[in-house]
$ cat target-v4.txt   # compact mmCIF, C-alpha atoms
# COMPACT_ATOMS: atom_id res chain seq x y z
CA MET A 263 5.85 -11.92 0.78
CA LEU A 264 9.52 -11.21 0.11
CA ALA A 265 8.64 -9.33 -3.07
CA ALA A 266 5.97 -7.29 -1.25
CA PHE A 267 8.48 -6.45 1.49
CA THR A 268 11.08 -5.42 -1.09
CA PHE A 269 8.76 -3.22 -3.15
CA ASN A 270 7.41 -1.40 -0.09
CA THR A 271 10.93 -0.88 1.25
CA ALA A 272 12.04 0.48 -2.14
CA GLU A 273 9.10 2.89 -2.19
CA ASN A 274 9.74 4.40 1.24
CA LEU A 275 13.51 4.07 1.72
CA PRO A 276 14.36 7.59 0.45
CA VAL A 277 12.32 9.02 3.36
CA GLY A 278 15.04 7.84 5.75
CA LEU A 279 17.90 8.85 3.45
CA LEU A 280 16.84 12.35 2.39
CA GLU A 281 19.93 14.10 3.73
CA PRO A 282 22.58 11.57 2.57
CA ILE A 283 21.13 11.51 -0.95
CA SER A 284 20.83 15.31 -0.96
CA GLU A 285 24.47 15.76 0.04
CA SER A 286 25.77 13.05 -2.30
CA LEU A 287 23.97 14.31 -5.41
CA ARG A 288 24.17 18.01 -4.46
CA VAL A 289 20.43 18.68 -4.68
CA SER A 290 17.95 20.08 -2.16
CA VAL A 291 16.15 17.90 0.38
CA SER A 292 12.81 18.87 -1.21
CA ALA A 293 14.07 17.58 -4.57
CA VAL A 294 14.89 14.24 -2.96
CA GLY A 295 11.38 14.27 -1.46
CA LEU A 296 10.04 14.35 -5.00
CA LEU A 297 11.54 10.87 -5.44
CA VAL A 298 8.81 9.65 -3.08
CA THR A 299 6.03 11.88 -4.40
CA GLY A 300 6.79 11.05 -8.04
CA TYR A 301 6.85 7.35 -7.15
CA GLY A 302 3.35 7.50 -5.65
CA VAL A 303 1.92 9.52 -8.52
CA THR A 304 3.38 7.05 -11.03
CA VAL A 305 1.76 4.11 -9.22
CA ALA A 306 -1.56 5.98 -9.12
CA VAL A 307 -1.54 6.82 -12.83
CA ALA A 308 -0.01 3.64 -14.26
CA SER A 309 -1.72 0.82 -12.31
CA LEU A 310 -4.88 0.45 -14.37
CA PRO A 311 -3.39 1.03 -17.87
CA LEU A 312 -0.58 -1.47 -17.23
CA ALA A 313 -3.03 -4.08 -15.91
CA HIS A 314 -5.05 -3.76 -19.14
CA LEU A 315 -1.90 -3.92 -21.24
CA VAL A 316 -0.75 -7.30 -19.87
CA ARG A 317 -4.17 -8.83 -19.16
CA ALA A 318 -3.50 -11.73 -21.58
CA VAL A 319 0.10 -12.48 -20.51
CA PRO A 320 0.65 -15.48 -18.18
CA ARG A 321 1.14 -14.31 -14.62
CA ARG A 322 4.46 -16.13 -14.14
CA HIS A 323 5.91 -14.18 -17.05
CA VAL A 324 4.48 -10.90 -15.77
CA LEU A 325 5.79 -11.36 -12.23
CA THR A 326 9.19 -12.47 -13.49
CA GLY A 327 9.39 -9.36 -15.67
CA LEU A 328 8.31 -7.07 -12.83
CA LEU A 329 10.90 -8.49 -10.47
CA ALA A 330 13.56 -8.23 -13.18
CA ALA A 331 12.62 -4.54 -13.50
CA LEU A 332 12.94 -4.17 -9.72
CA VAL A 333 16.40 -5.74 -9.74
CA LEU A 334 17.66 -3.65 -12.67
CA SER A 335 16.18 -0.37 -11.43
CA SER A 336 17.63 -0.93 -7.94
CA LEU A 337 21.08 -1.53 -9.42
CA LEU A 338 20.70 1.54 -11.64
CA ALA A 339 19.68 3.63 -8.63
CA ALA A 340 22.62 2.37 -6.57
CA LEU A 341 25.04 3.32 -9.38
CA ALA A 342 23.40 6.69 -10.08
CA THR A 343 25.79 9.64 -10.03
CA SER A 344 23.16 12.26 -10.89
CA TYR A 345 19.74 13.15 -9.54
CA TRP A 346 18.02 12.63 -12.89
CA LEU A 347 19.41 9.13 -13.32
CA LEU A 348 18.19 8.27 -9.82
CA LEU A 349 14.77 9.70 -10.68
CA VAL A 350 14.56 7.55 -13.83
CA ALA A 351 15.47 4.46 -11.81
CA ARG A 352 12.82 5.30 -9.20
CA LEU A 353 10.13 5.76 -11.84
CA LEU A 354 11.02 2.38 -13.37
CA THR A 355 10.60 0.76 -9.95
CA ALA A 356 7.29 2.59 -9.53
CA LEU A 357 6.00 1.26 -12.86
CA ALA A 358 6.88 -2.27 -11.75
CA GLN A 359 5.17 -1.81 -8.39
CA ALA A 360 2.06 -0.34 -10.02
CA LEU A 361 1.46 -3.64 -11.80
CA PHE A 362 2.83 -5.88 -9.04
CA TRP A 363 0.02 -5.12 -6.59
CA ALA A 364 -2.59 -5.83 -9.26
CA VAL A 365 -1.13 -9.19 -10.31
CA MET A 366 0.28 -10.49 -7.04
CA GLY A 367 -3.03 -10.77 -5.15
CA PRO A 368 -4.95 -13.06 -7.52
CA VAL A 369 -1.87 -15.23 -8.10
CA ALA A 370 -1.14 -15.68 -4.39
CA VAL A 371 -4.69 -16.38 -3.22
CA GLY A 372 -5.30 -18.62 -6.24
CA LEU A 373 -2.71 -21.06 -4.87
CA PHE A 374 -4.94 -21.75 -1.85
CA ALA A 375 -8.46 -22.95 -1.14
CA PRO A 376 -11.10 -20.16 -1.04
CA GLU A 377 -11.76 -20.63 2.69
CA VAL A 378 -8.20 -19.61 3.65
CA ARG A 379 -7.64 -16.80 1.16
CA GLY A 380 -8.23 -14.12 3.77
CA ARG A 381 -5.20 -15.39 5.66
CA VAL A 382 -3.14 -15.19 2.47
CA VAL A 383 -4.12 -11.54 1.99
CA GLY A 384 -3.21 -10.96 5.63
CA ALA A 385 0.22 -12.58 5.22
CA LEU A 386 1.01 -10.41 2.18
CA SER A 387 -0.07 -7.31 4.09
CA VAL A 388 2.10 -8.24 7.06
CA ALA A 389 5.08 -8.51 4.70
CA GLY A 390 4.31 -5.09 3.24
CA SER A 391 3.98 -3.55 6.72
CA LEU A 392 7.29 -5.08 7.80
CA ALA A 393 8.92 -2.82 5.22
CA LEU A 394 8.01 0.20 7.37
CA VAL A 395 8.86 -1.44 10.69
CA LEU A 396 12.03 -3.28 9.63
CA GLY A 397 13.03 -2.57 6.03
CA VAL A 398 13.14 1.23 6.05
CA PRO A 399 14.75 1.62 9.52
CA ALA A 400 17.38 -1.04 8.72
CA GLY A 401 18.05 0.49 5.30
CA THR A 402 18.29 3.96 6.84
CA TRP A 403 20.85 2.78 9.41
CA LEU A 404 22.85 0.89 6.78
CA GLY A 405 22.79 3.87 4.43
CA ARG A 406 24.00 6.27 7.08
CA GLN A 407 26.82 3.91 8.04
CA ASN A 408 27.99 2.84 4.57
CA GLY A 409 26.46 5.30 2.08
CA TRP A 410 22.94 5.36 0.68
CA PRO A 411 23.71 3.19 -2.43
CA VAL A 412 24.39 0.15 -0.21
CA PRO A 413 20.80 -0.51 1.01
CA VAL A 414 19.47 0.35 -2.45
CA ALA A 415 21.73 -2.32 -3.98
CA MET A 416 20.56 -4.82 -1.35
CA LEU A 417 17.01 -4.38 -2.67
CA ALA A 418 18.26 -5.87 -5.94
CA ALA A 419 19.48 -8.96 -4.07
CA LEU A 420 16.12 -9.40 -2.33
CA GLY A 421 14.28 -8.95 -5.61
CA LEU A 422 16.51 -11.52 -7.28
CA GLY A 423 15.56 -14.09 -4.65
CA SER A 424 11.86 -13.58 -5.40
CA LEU A 425 12.48 -13.57 -9.15
CA VAL A 426 14.26 -16.94 -9.17
CA THR A 427 11.67 -18.58 -6.92
CA ILE A 428 8.71 -17.42 -9.00
CA ALA A 429 10.39 -18.12 -12.34
CA VAL A 430 11.19 -21.70 -11.30
CA LEU A 431 8.16 -22.73 -9.26
CA LEU A 432 5.07 -20.78 -10.33
CA PRO A 433 2.94 -22.66 -12.92
CA THR A 434 2.32 -21.04 -16.28
CA SER A 435 -1.33 -20.65 -17.24
CA ARG A 436 -3.59 -18.24 -19.07
CA PRO A 437 -4.61 -15.35 -16.78
CA GLU A 438 -8.34 -15.95 -17.24
CA GLU A 439 -7.88 -19.56 -16.12
CA GLU A 440 -6.27 -18.66 -12.78
CA PRO A 441 -8.38 -19.85 -9.80
CA ALA A 442 -8.81 -16.30 -8.49
CA ALA A 443 -9.06 -14.54 -11.85
CA TYR A 444 -12.65 -13.41 -11.19
CA GLY A 445 -14.49 -12.19 -8.11
CA THR A 446 -16.31 -14.80 -6.04
CA ARG A 447 -19.38 -12.51 -5.78
CA PRO A 448 -19.28 -9.90 -8.58
CA ASP A 449 -21.06 -6.71 -7.55
CA ALA A 450 -20.43 -3.51 -9.47
CA ARG A 451 -22.20 -1.33 -6.88
CA ARG A 452 -20.20 -2.71 -3.97
CA PHE A 453 -17.01 -2.40 -6.03
CA GLY A 454 -17.68 1.31 -6.60
CA ILE A 455 -18.52 1.97 -2.94
CA VAL A 456 -15.43 0.19 -1.62
CA LEU A 457 -13.25 2.01 -4.16
CA ALA A 458 -14.67 5.39 -3.15
CA ALA A 459 -14.37 4.67 0.56
CA GLY A 460 -10.77 3.50 0.23
CA THR A 461 -9.81 6.60 -1.76
CA LEU A 462 -11.46 8.94 0.75
CA SER A 463 -9.80 7.10 3.61
CA ALA A 464 -6.34 7.38 2.03
CA THR A 465 -6.88 11.08 1.32
CA GLY A 466 -7.97 11.67 4.90
CA ALA A 467 -5.09 9.73 6.43
CA PHE A 468 -2.36 11.48 4.46
CA THR A 469 -3.85 14.96 4.79
CA GLY A 470 -2.67 14.76 8.39
CA TYR A 471 0.01 12.06 8.36
CA THR A 472 2.18 14.02 5.92
CA TYR A 473 2.65 16.62 8.67
CA LEU A 474 2.78 14.24 11.63
CA THR A 475 6.33 15.21 12.62
CA LYS A 476 5.34 18.87 12.86
CA PHE A 477 2.17 17.98 14.79
CA LEU A 478 3.94 15.83 17.38
CA GLY A 479 6.59 18.52 17.92
CA ASP A 480 4.53 21.73 17.78
CA VAL A 481 1.19 20.55 19.19
CA SER A 482 2.03 17.60 21.45
CA GLY A 483 5.38 19.03 22.57
CA PHE A 484 7.54 15.94 21.99
CA SER A 485 11.30 16.24 21.47
CA PRO A 486 12.82 15.19 18.12
CA SER A 487 14.21 11.97 19.62
CA THR A 488 10.79 11.08 21.06
CA VAL A 489 9.13 11.80 17.72
CA THR A 490 11.48 9.27 16.11
CA ALA A 491 10.48 6.66 18.71
CA LEU A 492 6.80 7.45 18.12
CA PHE A 493 7.21 6.78 14.40
CA VAL A 494 8.53 3.34 15.31
CA ALA A 495 5.50 2.84 17.56
CA PHE A 496 3.28 3.93 14.67
CA GLY A 497 4.87 1.28 12.43
CA VAL A 498 4.54 -1.42 15.09
CA ALA A 499 0.86 -0.50 15.52
CA CYS A 500 0.38 -0.81 11.75
CA LEU A 501 1.97 -4.25 11.78
CA ALA A 502 -0.18 -5.33 14.73
CA GLY A 503 -3.28 -4.01 12.99
CA VAL A 504 -2.75 -6.00 9.80
CA SER A 505 -1.84 -9.13 11.80
CA ILE A 506 -5.02 -9.00 13.87
CA THR A 507 -7.22 -8.03 10.94
CA GLY A 508 -5.73 -10.77 8.76
CA ALA A 509 -6.69 -13.39 11.33
CA LEU A 510 -10.33 -12.19 11.29
CA LEU A 511 -10.64 -11.29 7.62
CA GLU A 512 -12.18 -14.56 6.43
CA ARG A 513 -14.93 -14.61 9.07
CA PHE A 514 -15.80 -10.91 9.14
CA PRO A 515 -14.74 -9.30 5.82
CA GLN A 516 -17.29 -6.47 5.87
CA ALA A 517 -16.90 -5.73 9.58
CA ALA A 518 -13.10 -5.70 9.20
CA LEU A 519 -13.31 -3.03 6.48
CA THR A 520 -15.77 -0.83 8.37
CA THR A 521 -13.88 -1.20 11.65
CA ALA A 522 -10.56 -0.24 10.05
CA VAL A 523 -11.98 2.95 8.50
CA ALA A 524 -13.90 3.88 11.67
CA THR A 525 -10.78 3.33 13.81
CA GLN A 526 -8.78 5.60 11.51
CA ALA A 527 -11.46 8.30 11.84
CA VAL A 528 -11.34 8.06 15.65
CA GLY A 529 -7.54 8.18 15.63
CA VAL A 530 -7.17 11.19 13.32
CA LEU A 531 -10.01 13.20 14.89
CA GLY A 532 -8.72 12.25 18.33
CA LEU A 533 -5.32 13.71 17.48
CA TYR A 534 -7.00 16.93 16.41
CA ALA A 535 -9.19 17.16 19.52
CA ALA A 536 -6.82 15.93 22.23
CA GLY A 537 -3.36 15.98 20.65
CA THR A 538 -2.17 18.74 22.98
CA ASP A 539 -2.07 16.14 25.75
CA PRO A 540 0.99 13.89 25.25
CA VAL A 541 -0.67 10.73 26.62
CA ALA A 542 -3.79 11.19 24.52
CA ALA A 543 -1.61 11.94 21.49
CA VAL A 544 0.19 8.60 21.86
CA VAL A 545 -3.12 6.72 22.27
CA PHE A 546 -4.69 8.23 19.16
CA LEU A 547 -1.44 7.90 17.20
CA VAL A 548 -1.41 4.16 17.90
CA LEU A 549 -5.07 3.90 16.85
CA THR A 550 -4.29 5.68 13.58
CA GLY A 551 -1.29 3.45 12.91
CA GLY A 552 -3.27 0.33 13.77
CA ALA A 553 -5.91 1.25 11.18
CA LEU A 554 -3.80 2.57 8.30
CA GLY A 555 -2.52 -0.81 7.06
CA PRO A 556 -5.82 -2.69 7.55
CA VAL A 557 -7.76 -0.15 5.47
CA PHE A 558 -5.81 -0.96 2.31
CA MET A 559 -5.71 -4.68 3.13
CA THR A 560 -9.47 -4.94 3.63
CA THR A 561 -10.25 -3.01 0.44
CA GLN A 562 -7.91 -5.31 -1.50
CA ASN A 563 -9.64 -8.32 0.01
CA ALA A 564 -13.04 -6.89 -0.92
CA MET A 565 -11.90 -6.49 -4.54
CA LEU A 566 -11.10 -10.21 -4.74
CA HIS A 567 -14.76 -10.89 -3.94
CA CYS A 568 -16.79 -8.08 -5.50
CA ALA A 569 -14.76 -7.41 -8.69
CA PRO A 570 -17.32 -7.07 -11.50
CA GLY A 571 -14.76 -8.42 -13.99
CA ARG A 572 -11.17 -9.61 -13.67
CA THR A 573 -9.72 -9.31 -10.17
CA ASP A 574 -6.38 -8.00 -11.43
CA ILE A 575 -8.15 -5.04 -13.07
CA ALA A 576 -10.14 -4.39 -9.88
CA LEU A 577 -7.01 -4.55 -7.74
CA ALA A 578 -5.19 -2.21 -10.13
CA ALA A 579 -8.06 0.26 -9.84
CA ASN A 580 -7.97 0.01 -6.05
CA SER A 581 -4.19 0.45 -5.83
CA GLY A 582 -4.25 3.36 -8.25
CA ALA A 583 -7.12 5.06 -6.43
CA TYR A 584 -5.45 4.57 -3.04
CA ASN A 585 -2.18 6.08 -4.25
CA ALA A 586 -4.11 8.95 -5.84
CA GLY A 587 -5.69 9.48 -2.42
CA ILE A 588 -2.23 9.61 -0.82
CA ALA A 589 -1.03 12.25 -3.29
CA THR A 590 -4.26 14.26 -2.96
CA GLY A 591 -4.11 14.11 0.83
CA ALA A 592 -0.52 15.39 0.92
CA ALA A 593 -1.45 18.24 -1.43
CA LEU A 594 -4.61 19.08 0.53
CA GLY A 595 -2.68 19.13 3.78
CA GLY A 596 -0.26 21.59 2.19
CA LEU A 597 -3.17 23.89 1.36
CA VAL A 598 -4.77 23.63 4.81
CA LEU A 599 -1.52 24.07 6.76
CA PRO A 600 -1.03 27.84 6.20
CA LEU A 601 -4.75 28.52 6.65
CA ALA A 602 -5.62 26.48 9.75
CA GLY A 603 -2.31 25.29 11.15
CA VAL A 604 -1.11 21.73 11.58
CA ARG A 605 -4.09 20.80 13.78
CA GLY A 606 -6.35 21.85 10.93
CA THR A 607 -4.78 19.23 8.66
CA PHE A 608 -5.87 16.52 11.10
CA LEU A 609 -9.39 17.97 11.34
CA ALA A 610 -9.68 17.95 7.55
CA GLY A 611 -8.24 14.43 7.39
CA GLY A 612 -10.57 13.16 10.09
CA LEU A 613 -13.64 14.61 8.38
CA LEU A 614 -12.64 12.98 5.08
CA THR A 615 -12.21 9.64 6.85
CA LEU A 616 -15.60 10.13 8.51
CA GLY A 617 -16.96 10.64 4.99
CA ALA A 618 -15.47 7.26 4.03
CA CYS A 619 -17.41 5.71 6.93
CA MET A 620 -20.62 7.24 5.60
CA VAL A 621 -19.91 5.87 2.13
CA LEU A 622 -19.46 2.38 3.59
CA LEU A 623 -22.97 2.49 5.02
CA GLY A 624 -24.08 1.94 1.44
CA VAL A 625 -22.08 -1.30 1.00
CA PRO A 626 -24.44 -4.27 0.58
CA ALA A 627 -23.61 -7.12 2.91
CA PRO A 628 -21.63 -9.92 1.21
CA PRO A 629 -23.62 -13.14 0.66
CA ARG A 630 -23.21 -15.66 3.43
CA PRO A 631 -20.72 -18.50 2.82
CA GLY A 632 -22.24 -21.36 0.88
CA ALA A 633 -24.87 -19.25 -0.86
CA PRO A 634 -25.36 -20.02 -4.56
CA ALA A 635 -23.32 -18.01 -7.02
CA THR A 636 -24.92 -15.13 -8.84
CA PRO A 637 -26.06 -15.75 -12.43
CA ALA A 638 -23.25 -13.55 -13.72
CA ARG A 639 -20.68 -15.55 -11.81
CA ARG A 640 -22.15 -18.90 -12.94
CA GLY A 641 -22.03 -17.72 -16.51
CA ARG A 642 -18.43 -16.70 -16.18
CA ARG A 643 -17.41 -20.05 -14.77
CA ALA A 644 -19.04 -21.78 -17.71
CA SER A 645 -17.21 -19.70 -20.27
CA PRO A 646 -14.27 -21.32 -22.03

$ encode --input "target-v4.txt" --output "structure tokens"
Amino acid sequence: MLAAFTFNTAENLPVGLLEPISESLRVSVSAVGLLVTGYGVTVAVASLPLAHLVRAVPRRHVLTGLLAALVLSSLLAALATSYWLLLVARLLTALAQALFWAVMGPVAVGLFAPEVRGRVVGALSVAGSLALVLGVPAGTWLGRQNGWPVPVAMLAALGLGSLVTIAVLLPTSRPEEEPAAYGTRPDARRFGIVLAAGTLSATGAFTGYTYLTKFLGDVSGFSPSTVTALFVAFGVACLAGVSITGALLERFPQAALTTAVATQAVGVLGLYAAGTDPVAAVVFLVLTGGALGPVFMTTQNAMLHCAPGRTDIALAANSGAYNAGIATGAALGGLVLPLAGVRGTFLAGGLLTLGACMVLLGVPAPPRPGAPATPARRGRRASP
């Protein structure tokens, strides 16, 4: 959980420190924004290849190496005196995170009995969401008070704590022998549908979310200080969403996924339709925030069950596709903005999310608990 919190804080921290970094390194604010965009693109592109590359390496060694990369890259970033050195450090962190999300899930849930694994996924998601609610705001405040390298260096300290714990306590075993190395109910069709729905959902969310500040100011009429408070409310809603969904994930895995995507569609389309009214805008903003975290969490949980092969490969594919959706959504919003205005970006995003709902109608229902394993799964368990 600490590692998940640290990685997510590292990914998003530059958003709150755009101006201090820009002034310190004498580059434009848009150039600093590329530190976030490049990070996401790197995660999208590298997740699956890196997961294949280390598929035979014991997970303790992989996680220790990834956290060592996080520590070193954070220190390098904190000491950077040029934009290009900071960019290199960010890309190194992104490469580590690309593999972290693929490896971390099977290792964490494999430490627990199958009947409580949904709660483990929920706990990890809560830690990741806390990065937006606590990590980024705290890092932003600290950076503005003491200089942006200070919170970046603190990420190295947090990563070191995770590194030592995992290096000392996590057992060493072959990846294919991990308890959660393979899906509990392999289903290639369901895997493809969940992957497509998650990608569409991410694209839809970030087509509008990328321009949320402009929407809340220009369309809803909120002042800059109120917009800042609404972003905090958005983060709190995201944290509440993953907490509630995590508690229900084991009992209603399919319903949790469908509900999260449908709630996001209602939130984004509601902002488009009624966002000119400040009260309605807040309501639909909270709905959108409450769904954004659970969508990724429920797709990750689905991968642990329906993965047609190794779960780490399935999770890498899901993380890569989701990040590709984020990048595509931001780019699509940029194309829609001059043509249809900022409201148009939310209409496009809502329609894409609605498309994700339609895709999910094709997901076969997971087998009920206690049902016999599929022949493919039985064969896999019997393999040496």

$ closest_residue --input "target-v4.txt" --among "A:Leu328, A:His567, A:Leu511, A:Val395" --to "Leu492 of chain A" --atoms "only C-alpha atoms"
A:Val395

$ closest_residue --input "target-v4.txt" --among "A:Leu347, A:Ala415, A:Val544, A:Leu337" --to "Phe477 of chain A" --atoms "only C-alpha atoms"
A:Val544

$ closest_residue --input "target-v4.txt" --among "A:Gln516, A:Ser482, A:Val494, A:Gly587" --to "Thr538 of chain A" --atoms "all atoms listed in the file"
A:Ser482

$ residues_near_point --input "target-v4.txt" --point "(-2.5, -11.8, -16.3)" --cutoff "10 Å" --atoms "only C-alpha atoms" --output "list in words"
Ala313, His314, Leu315, Val316, Arg317, Ala318, Val319, Pro320, Arg321, Arg322, His323, Val324, Leu325, Ala364, Val365, Met366, Pro368, Val369, Ser435, Arg436, Pro437, Glu438, Glu439, Glu440, Ala443, Arg572, Thr573, Asp574 and Ile575 of chain A

$ closest_residue --input "target-v4.txt" --among "A:Leu420, A:Met559, A:Ala450, A:Val481" --to "Cys500 of chain A" --atoms "only C-alpha atoms"
A:Met559

$ residues_around --input "target-v4.txt" --residues "Ser424 of chain A" --least-positions-apart "4" --cutoff "7 Å" --atoms "all atoms listed in the file" --output "ChimeraX atom specification"
/A:264-265,420,428

$ atom_distance --input "target-v4.txt" --atom1 "atom CA of Ser487 of chain A" --atom2 "atom CA of Leu474 of chain A"
14.1 Å

$ closest_residue --input "target-v4.txt" --among "A:Gly380, A:Pro433, A:Phe546, A:Gly445" --to "Pro570 of chain A" --atoms "all atoms listed in the file"
A:Gly445

$ residues_near_point --input "target-v4.txt" --point "(0.6, 9.9, -4.8)" --cutoff "7 Å" --atoms "all atoms listed in the file" --output "list in words"
Thr299, Gly302, Val303, Ala306, Asn585, Ala586, Gly587, Ile588, Ala589 and Thr590 of chain A

$ closest_residue --input "target-v4.txt" --among "A:Gly483, A:Pro600, A:Gly423, A:Pro276" --to "Gly401 of chain A" --atoms "all atoms listed in the file"
A:Pro276

$ atom_distance --input "target-v4.txt" --atom1 "atom CA of Val414 of chain A" --atom2 "atom CA of Gly295 of chain A"
16.1 Å

$ atom_distance --input "target-v4.txt" --atom1 "atom CA of Arg381 of chain A" --atom2 "atom CA of Ala509 of chain A"
6.2 Å

$ residues_around --input "target-v4.txt" --residues "Thr461 of chain A" --least-positions-apart "5" --cutoff "10 Å" --atoms "all atoms listed in the file" --output "compact mmCIF listing (two decimals) with C-alpha atoms, keeping the file's coordinate frame"
# COMPACT_ATOMS: atom_id res chain seq x y z
CA ILE A 455 -18.52 1.97 -2.94
CA VAL A 456 -15.43 0.19 -1.62
CA GLY A 466 -7.97 11.67 4.90
CA ALA A 467 -5.09 9.73 6.43
CA PHE A 558 -5.81 -0.96 2.31
CA THR A 561 -10.25 -3.01 0.44
CA ASN A 580 -7.97 0.01 -6.05
CA SER A 581 -4.19 0.45 -5.83
CA GLY A 582 -4.25 3.36 -8.25
CA ALA A 583 -7.12 5.06 -6.43
CA TYR A 584 -5.45 4.57 -3.04
CA ASN A 585 -2.18 6.08 -4.25
CA ALA A 586 -4.11 8.95 -5.84
CA GLY A 587 -5.69 9.48 -2.42
CA ILE A 588 -2.23 9.61 -0.82
CA THR A 590 -4.26 14.26 -2.96
CA GLY A 591 -4.11 14.11 0.83
CA LEU A 614 -12.64 12.98 5.08
CA THR A 615 -12.21 9.64 6.85
CA ALA A 618 -15.47 7.26 4.03

$ residues_around --input "target-v4.txt" --residues "Tyr473 of chain A" --least-positions-apart "3" --cutoff "8 Å" --atoms "all atoms listed in the file" --output "VMD selection string"
chain A and resid 469 to 470 476 to 477 595 604 607

$ residues_around --input "target-v4.txt" --residues "Gly617 of chain A" --least-positions-apart "5" --cutoff "9 Å" --atoms "all atoms listed in the file" --output "PDB file with C-alpha atoms, in the frame of the given file"
ATOM      1  CA  ALA A 459     -14.370   4.670   0.560  1.00  0.00           C
ATOM      2  CA  LEU A 462     -11.460   8.940   0.750  1.00  0.00           C
ATOM      3  CA  SER A 463      -9.800   7.100   3.610  1.00  0.00           C
ATOM      4  CA  GLY A 612     -10.570  13.160  10.090  1.00  0.00           C
ATOM      5  CA  LEU A 622     -19.460   2.380   3.590  1.00  0.00           C
TER       6      LEU A 622
END

$ residues_around --input "target-v4.txt" --residues "Ile506 of chain A" --least-positions-apart "6" --cutoff "10 Å" --atoms "only C-alpha atoms" --output "number ranges by chain"
A: 384, 388, 518, 552, 556

$ axis_aligned_box --input "target-v4.txt" --around "segment 355-361 of chain A" --padding-each-side "3 Å" --output "AutoDock Vina command-line options"
--center_x 6.0 --center_y -0.5 --center_z -10.6 --size_x 15.1 --size_y 12.2 --size_z 10.5
